[in-house]
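**Q** Can you keep this structure in mind? I'll have questions shortly.
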Amino acid sequence: MPERVDSTDPDGVDFGWVMQTTFVITIVVGAPVVAIASTAVTLPTWTAMASFAVRVGALVWFVTAVAVYLYARRQERQESDVDIETGPDPAEND
C-alpha cells in the first residue's frame, strides 16, 4: 500500500508546520495588535486604514515567522541531541 500523501518525515525543520503555525498565530495575535495600535493613530481615510493594517500586520507576521522558525529549530536540535545520547530506538527497526 502506498504511503499516505499527507504524512511527512522532514529532515531538519518542518517548514510546512512553520508556515501553518505562523499563519494561525499571525491571525490570532495580529488582529488585536492592529486594532489596539490603530487607536493611537489618526486614520482619516480607508486607504490610510488599509495601509496601516498592512504595515503593522507585516511586522507582526515577520516577527511571528522568525520566532516560530527559531522555536522549531530549537526543538529539532533538542530531539536530535536526545537521539544521539540514547541511540536509535530499537522499536523503529520492526
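All residue names refer to the C-alpha cells as shown: chains lettered A, B, ... in order, residues numbered from 1 in each chain, ligands numbered from 1 in order.
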When you look at region 50-56 of chain A with a cut-off of 9 Å (counting only C-alpha atoms), what residues show up, excluding the ones that are within fewer than 2 positions of it in the same chain? I need them as a ChimeraX atom specification.

**A** /A:30-31,33-35,37-38,43,45-48,58-61

**Q** Include N, CA, C and O atoms and write out the residues we just selected as an mmCIF file, in the first residue's frame.

**A**
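Final output, saved to again.cif:
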```
data_model
loop_
_atom_site.group_PDB
_atom_site.id
_atom_site.type_symbol
_atom_site.label_atom_id
_atom_site.label_comp_id
_atom_site.auth_asym_id
_atom_site.auth_seq_id
_atom_site.Cartn_x
_atom_site.Cartn_y
_atom_site.Cartn_z
ATOM 1 N N GLY A 30 -2.232 39.044 15.448
ATOM 2 C CA GLY A 30 -2.125 40.241 14.614
ATOM 3 C C GLY A 30 -3.361 41.109 14.600
ATOM 4 O O GLY A 30 -3.254 42.346 14.636
ATOM 5 N N ALA A 31 -4.532 40.511 14.546
ATOM 6 C CA ALA A 31 -5.764 41.304 14.502
ATOM 7 C C ALA A 31 -5.923 42.186 15.742
ATOM 8 O O ALA A 31 -6.165 43.391 15.613
ATOM 9 N N VAL A 33 -3.527 43.194 17.742
ATOM 10 C CA VAL A 33 -2.411 44.151 17.758
ATOM 11 C C VAL A 33 -2.713 45.318 16.826
ATOM 12 O O VAL A 33 -2.518 46.488 17.181
ATOM 13 N N VAL A 34 -3.209 45.035 15.623
ATOM 14 C CA VAL A 34 -3.554 46.108 14.677
ATOM 15 C C VAL A 34 -4.680 46.968 15.238
ATOM 16 O O VAL A 34 -4.633 48.203 15.149
ATOM 17 N N ALA A 35 -5.686 46.338 15.827
ATOM 18 C CA ALA A 35 -6.809 47.096 16.382
ATOM 19 C C ALA A 35 -6.350 48.010 17.526
ATOM 20 O O ALA A 35 -6.747 49.181 17.587
ATOM 21 N N ALA A 37 -3.229 49.071 18.113
ATOM 22 C CA ALA A 37 -2.286 50.072 17.596
ATOM 23 C C ALA A 37 -3.005 51.178 16.832
ATOM 24 O O ALA A 37 -2.562 52.335 16.822
ATOM 25 N N SER A 38 -4.128 50.848 16.207
ATOM 26 C CA SER A 38 -4.840 51.853 15.421
ATOM 27 C C SER A 38 -5.518 52.916 16.287
ATOM 28 O O SER A 38 -5.858 53.986 15.791
ATOM 29 N N LEU A 43 -6.405 57.932 11.473
ATOM 30 C CA LEU A 43 -6.524 57.312 10.157
ATOM 31 C C LEU A 43 -7.783 57.869 9.479
ATOM 32 O O LEU A 43 -8.869 57.306 9.620
ATOM 33 N N THR A 45 -8.785 58.172 6.224
ATOM 34 C CA THR A 45 -9.394 57.565 5.026
ATOM 35 C C THR A 45 -9.268 56.051 5.087
ATOM 36 O O THR A 45 -8.472 55.489 5.852
ATOM 37 N N TRP A 46 -10.055 55.391 4.228
ATOM 38 C CA TRP A 46 -9.984 53.940 4.132
ATOM 39 C C TRP A 46 -8.611 53.499 3.648
ATOM 40 O O TRP A 46 -8.088 52.472 4.071
ATOM 41 N N THR A 47 -8.023 54.286 2.759
ATOM 42 C CA THR A 47 -6.686 53.963 2.258
ATOM 43 C C THR A 47 -5.662 54.014 3.386
ATOM 44 O O THR A 47 -4.795 53.146 3.485
ATOM 45 N N ALA A 48 -5.770 55.018 4.220
ATOM 46 C CA ALA A 48 -4.859 55.131 5.359
ATOM 47 C C ALA A 48 -5.043 53.963 6.323
ATOM 48 O O ALA A 48 -4.068 53.417 6.848
ATOM 49 N N ALA A 58 2.302 43.188 8.556
ATOM 50 C CA ALA A 58 3.543 42.643 8.007
ATOM 51 C C ALA A 58 4.607 42.513 9.093
ATOM 52 O O ALA A 58 5.344 41.523 9.141
ATOM 53 N N LEU A 59 4.679 43.506 9.953
ATOM 54 C CA LEU A 59 5.643 43.445 11.051
ATOM 55 C C LEU A 59 5.307 42.295 12.004
ATOM 56 O O LEU A 59 6.195 41.531 12.408
ATOM 57 N N VAL A 60 4.031 42.138 12.328
ATOM 58 C CA VAL A 60 3.602 41.041 13.203
ATOM 59 C C VAL A 60 3.914 39.699 12.533
ATOM 60 O O VAL A 60 4.421 38.776 13.179
ATOM 61 N N TRP A 61 3.636 39.582 11.236
ATOM 62 C CA TRP A 61 3.911 38.341 10.510
ATOM 63 C C TRP A 61 5.408 38.020 10.538
ATOM 64 O O TRP A 61 5.801 36.887 10.799
#
```

**Q** Residues at most 8 Å from Val13 (chain A), counting only C-alpha atoms, excluding those fewer than 3 positions away in the same chain, as a list of chain:residue names?

**A**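 So, after excluding close chain neighbours, the residues are A:Pro10, A:Tyr69, A:Ala72, A:Arg73, A:Glu76.
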
**Q** Next, write the just-selected residues to a file, as a tab-separated table (two decimals), in the first residue's frame, keeping C-alpha atoms as the atom set.

**A**
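The resulting again26.tsv:
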```tsv
chain	number	residue	atom	x	y	z
A	10	PRO	CA	11.22	16.03	7.13
A	69	TYR	CA	11.18	29.10	12.96
A	72	ALA	CA	11.09	24.71	15.54
A	73	ARG	CA	14.85	24.72	15.01
A	76	GLU	CA	14.67	19.82	16.23
```

**Q** Quick one: pull the distance between CA of Thr22 (chain A) and CA of Val41 (chain A), Å, one decimal.

**A** 26.5 Å
